[in-house]
file model_6.pdb (PDB, C-alpha atoms and all ligand atoms)
ATOM      1  CA  MET A   1      -4.198 -14.749   9.761  1.00  0.00           C
ATOM      2  CA  ALA A   2      -2.073 -13.256   7.012  1.00  0.00           C
ATOM      3  CA  LYS A   3      -3.205 -10.174   5.126  1.00  0.00           C
ATOM      4  CA  THR A   4      -2.651  -9.759   1.418  1.00  0.00           C
ATOM      5  CA  PHE A   5      -2.831  -6.903  -1.044  1.00  0.00           C
ATOM      6  CA  ALA A   6      -2.484  -6.731  -4.826  1.00  0.00           C
ATOM      7  CA  CYS A   7      -2.010  -3.531  -6.828  1.00  0.00           C
ATOM      8  CA  ARG A   8      -4.375  -4.919  -9.466  1.00  0.00           C
ATOM      9  CA  ASP A   9      -7.179  -4.842  -6.929  1.00  0.00           C
ATOM     10  CA  ILE A  10      -7.047  -1.060  -6.888  1.00  0.00           C
ATOM     11  CA  GLY A  11      -6.881  -0.854 -10.674  1.00  0.00           C
ATOM     12  CA  LEU A  12      -3.141  -0.468 -11.174  1.00  0.00           C
ATOM     13  CA  GLU A  13      -1.391  -2.193 -14.065  1.00  0.00           C
ATOM     14  CA  CYS A  14       1.137  -3.736 -11.756  1.00  0.00           C
ATOM     15  CA  ASP A  15       1.898  -7.288 -10.646  1.00  0.00           C
ATOM     16  CA  PHE A  16       2.938  -6.339  -7.136  1.00  0.00           C
ATOM     17  CA  THR A  17       1.423  -8.283  -4.287  1.00  0.00           C
ATOM     18  CA  ALA A  18       2.222  -7.997  -0.594  1.00  0.00           C
ATOM     19  CA  LYS A  19       1.617 -10.344   2.279  1.00  0.00           C
ATOM     20  CA  ALA A  20       2.162  -9.787   5.983  1.00  0.00           C
ATOM     21  CA  ASP A  21       1.037 -11.077   9.350  1.00  0.00           C
ATOM     22  CA  SER A  22      -0.636  -7.836  10.362  1.00  0.00           C
ATOM     23  CA  GLU A  23      -2.326  -4.966   8.590  1.00  0.00           C
ATOM     24  CA  ASP A  24       0.258  -2.517   9.964  1.00  0.00           C
ATOM     25  CA  GLU A  25       3.108  -4.531   8.505  1.00  0.00           C
ATOM     26  CA  LEU A  26       1.248  -4.898   5.227  1.00  0.00           C
ATOM     27  CA  MET A  27       0.610  -1.163   4.945  1.00  0.00           C
ATOM     28  CA  GLN A  28       4.323  -0.513   5.472  1.00  0.00           C
ATOM     29  CA  LYS A  29       5.173  -2.791   2.573  1.00  0.00           C
ATOM     30  CA  VAL A  30       2.498  -1.223   0.399  1.00  0.00           C
ATOM     31  CA  ALA A  31       3.660   2.292   1.264  1.00  0.00           C
ATOM     32  CA  GLU A  32       7.248   1.379   0.400  1.00  0.00           C
ATOM     33  CA  HIS A  33       6.156  -0.106  -2.923  1.00  0.00           C
ATOM     34  CA  ALA A  34       3.898   2.859  -3.720  1.00  0.00           C
ATOM     35  CA  LYS A  35       6.840   5.180  -3.143  1.00  0.00           C
ATOM     36  CA  THR A  36       9.378   3.274  -5.246  1.00  0.00           C
ATOM     37  CA  ALA A  37       7.139   1.910  -8.022  1.00  0.00           C
ATOM     38  CA  HIS A  38       4.374   4.491  -8.312  1.00  0.00           C
ATOM     39  CA  ASN A  39       6.136   7.658  -7.175  1.00  0.00           C
ATOM     40  CA  MET A  40       3.622   8.111  -4.374  1.00  0.00           C
ATOM     41  CA  GLU A  41       5.700   9.825  -1.742  1.00  0.00           C
ATOM     42  CA  HIS A  42       2.528  10.320   0.197  1.00  0.00           C
ATOM     43  CA  ILE A  43      -0.551   8.147  -0.162  1.00  0.00           C
ATOM     44  CA  ASP A  44      -3.615  10.380  -0.221  1.00  0.00           C
ATOM     45  CA  GLU A  45      -6.809   9.581   1.669  1.00  0.00           C
ATOM     46  CA  GLU A  46      -8.711   8.380  -1.376  1.00  0.00           C
ATOM     47  CA  THR A  47      -5.961   5.958  -2.374  1.00  0.00           C
ATOM     48  CA  MET A  48      -5.542   4.811   1.220  1.00  0.00           C
ATOM     49  CA  ALA A  49      -9.264   4.026   1.399  1.00  0.00           C
ATOM     50  CA  LYS A  50      -8.978   1.987  -1.810  1.00  0.00           C
ATOM     51  CA  ILE A  51      -5.981   0.097  -0.451  1.00  0.00           C
ATOM     52  CA  GLU A  52      -7.730  -0.653   2.830  1.00  0.00           C
ATOM     53  CA  ALA A  53     -10.794  -1.894   0.969  1.00  0.00           C
ATOM     54  CA  ALA A  54      -8.587  -4.160  -1.180  1.00  0.00           C
ATOM     55  CA  VAL A  55      -6.762  -5.803   1.727  1.00  0.00           C
ATOM     56  CA  LYS A  56      -7.818  -9.416   2.043  1.00  0.00           C
ATOM     57  CA  ASP A  57      -7.446 -12.089   4.682  1.00  0.00           C
ATOM     58  CA  GLU A  58      -5.564 -15.047   3.377  1.00  0.00           C
ATOM     59  CA  SER A  59      -7.890 -18.022   3.636  1.00  0.00           C
ATOM     60  CA  ASP A  60      -5.478 -20.573   5.057  1.00  0.00           C
TER
HETATM   61 ZN    ZN B   1       2.178  -1.518  -7.763  1.00  0.00          ZN
END

call {"tool": "encode", "arguments": {"input": "model_6.pdb", "output": "structure tokens"}}
result
Amino acid sequence: MAKTFACRDIGLECDFTAKADSEDELMQKVAEHAKTAHNMEHIDEETMAKIEAAVKDESD
């Protein structure tokens, strides 16, 4: 089942969404985006917890 994430779900004014087949792959995409678009060279624990809570299973 694919996993999805949207920046809006953690309160960012950003239209980025990511989709991947595994949570590991998804987190890599999110980390890359956070670095390039939000200048987050390192995602802190609080933000990581928010991201993990916002990850959804795609329903089909
Ligand atoms: Zn974003």

call {"tool": "atom_distance", "arguments": {"input": "model_6.pdb", "atom1": "CA of Lys35 (chain A)", "atom2": "CA of Glu58 (chain A)"}}
result
24.6 Å

call {"tool": "closest_atom_pairs", "arguments": {"input": "model_6.pdb", "of": "chain A", "to": "ligand ZN 1 (chain B)", "cutoff": "12 Å", "atoms": "all atoms listed in the file", "output": "JSON lines"}}
result
{"residue": "A:Phe5", "atom": "CA", "partner": "B:ZN1", "partner_atom": "ZN", "distance": 10.0}
{"residue": "A:Ala6", "atom": "CA", "partner": "B:ZN1", "partner_atom": "ZN", "distance": 7.6}
{"residue": "A:Cys7", "atom": "CA", "partner": "B:ZN1", "partner_atom": "ZN", "distance": 4.7}
{"residue": "A:Arg8", "atom": "CA", "partner": "B:ZN1", "partner_atom": "ZN", "distance": 7.6}
{"residue": "A:Asp9", "atom": "CA", "partner": "B:ZN1", "partner_atom": "ZN", "distance": 10.0}
{"residue": "A:Ile10", "atom": "CA", "partner": "B:ZN1", "partner_atom": "ZN", "distance": 9.3}
{"residue": "A:Gly11", "atom": "CA", "partner": "B:ZN1", "partner_atom": "ZN", "distance": 9.5}
{"residue": "A:Leu12", "atom": "CA", "partner": "B:ZN1", "partner_atom": "ZN", "distance": 6.4}
{"residue": "A:Glu13", "atom": "CA", "partner": "B:ZN1", "partner_atom": "ZN", "distance": 7.3}
{"residue": "A:Cys14", "atom": "CA", "partner": "B:ZN1", "partner_atom": "ZN", "distance": 4.7}
{"residue": "A:Asp15", "atom": "CA", "partner": "B:ZN1", "partner_atom": "ZN", "distance": 6.5}
{"residue": "A:Phe16", "atom": "CA", "partner": "B:ZN1", "partner_atom": "ZN", "distance": 4.9}
{"residue": "A:Thr17", "atom": "CA", "partner": "B:ZN1", "partner_atom": "ZN", "distance": 7.6}
{"residue": "A:Ala18", "atom": "CA", "partner": "B:ZN1", "partner_atom": "ZN", "distance": 9.7}
{"residue": "A:Lys29", "atom": "CA", "partner": "B:ZN1", "partner_atom": "ZN", "distance": 10.8}
{"residue": "A:Val30", "atom": "CA", "partner": "B:ZN1", "partner_atom": "ZN", "distance": 8.2}
{"residue": "A:Ala31", "atom": "CA", "partner": "B:ZN1", "partner_atom": "ZN", "distance": 9.9}
{"residue": "A:Glu32", "atom": "CA", "partner": "B:ZN1", "partner_atom": "ZN", "distance": 10.0}
{"residue": "A:His33", "atom": "CA", "partner": "B:ZN1", "partner_atom": "ZN", "distance": 6.4}
{"residue": "A:Ala34", "atom": "CA", "partner": "B:ZN1", "partner_atom": "ZN", "distance": 6.2}
{"residue": "A:Lys35", "atom": "CA", "partner": "B:ZN1", "partner_atom": "ZN", "distance": 9.4}
{"residue": "A:Thr36", "atom": "CA", "partner": "B:ZN1", "partner_atom": "ZN", "distance": 9.0}
{"residue": "A:Ala37", "atom": "CA", "partner": "B:ZN1", "partner_atom": "ZN", "distance": 6.0}
{"residue": "A:His38", "atom": "CA", "partner": "B:ZN1", "partner_atom": "ZN", "distance": 6.4}
{"residue": "A:Asn39", "atom": "CA", "partner": "B:ZN1", "partner_atom": "ZN", "distance": 10.0}
{"residue": "A:Met40", "atom": "CA", "partner": "B:ZN1", "partner_atom": "ZN", "distance": 10.3}
{"residue": "A:Ile51", "atom": "CA", "partner": "B:ZN1", "partner_atom": "ZN", "distance": 11.1}

call {"tool": "residues_near_point", "arguments": {"input": "model_6.pdb", "point": "(-5.8, -10.9, 0.1)", "cutoff": "8 Å", "atoms": "only C-alpha atoms", "output": "PyMOL selection string"}}
result
chain A and resi 3-6+19+54-58

call {"tool": "axis_aligned_box", "arguments": {"input": "model_6.pdb", "around": "region 13-17 of chain A", "padding_each_side": "5 Å", "output": "AutoDock Vina command-line options"}}
result
--center_x 0.8 --center_y -5.2 --center_z -9.2 --size_x 14.3 --size_y 16.1 --size_z 19.8

call {"tool": "atom_distance", "arguments": {"input": "model_6.pdb", "atom1": "CA of Ala53 (chain A)", "atom2": "CA of Glu23 (chain A)"}}
result
11.8 Å

call {"tool": "atom_distance", "arguments": {"input": "model_6.pdb", "atom1": "CA of Ala49 (chain A)", "atom2": "CA of Ala20 (chain A)"}}
result
18.5 Å

call {"tool": "closest_residue", "arguments": {"input": "model_6.pdb", "among": "A:Met1, A:Glu52, A:Ser59, A:Glu45", "to": "Met27 (chain A)", "atoms": "all atoms listed in the file"}}
result
A:Glu52
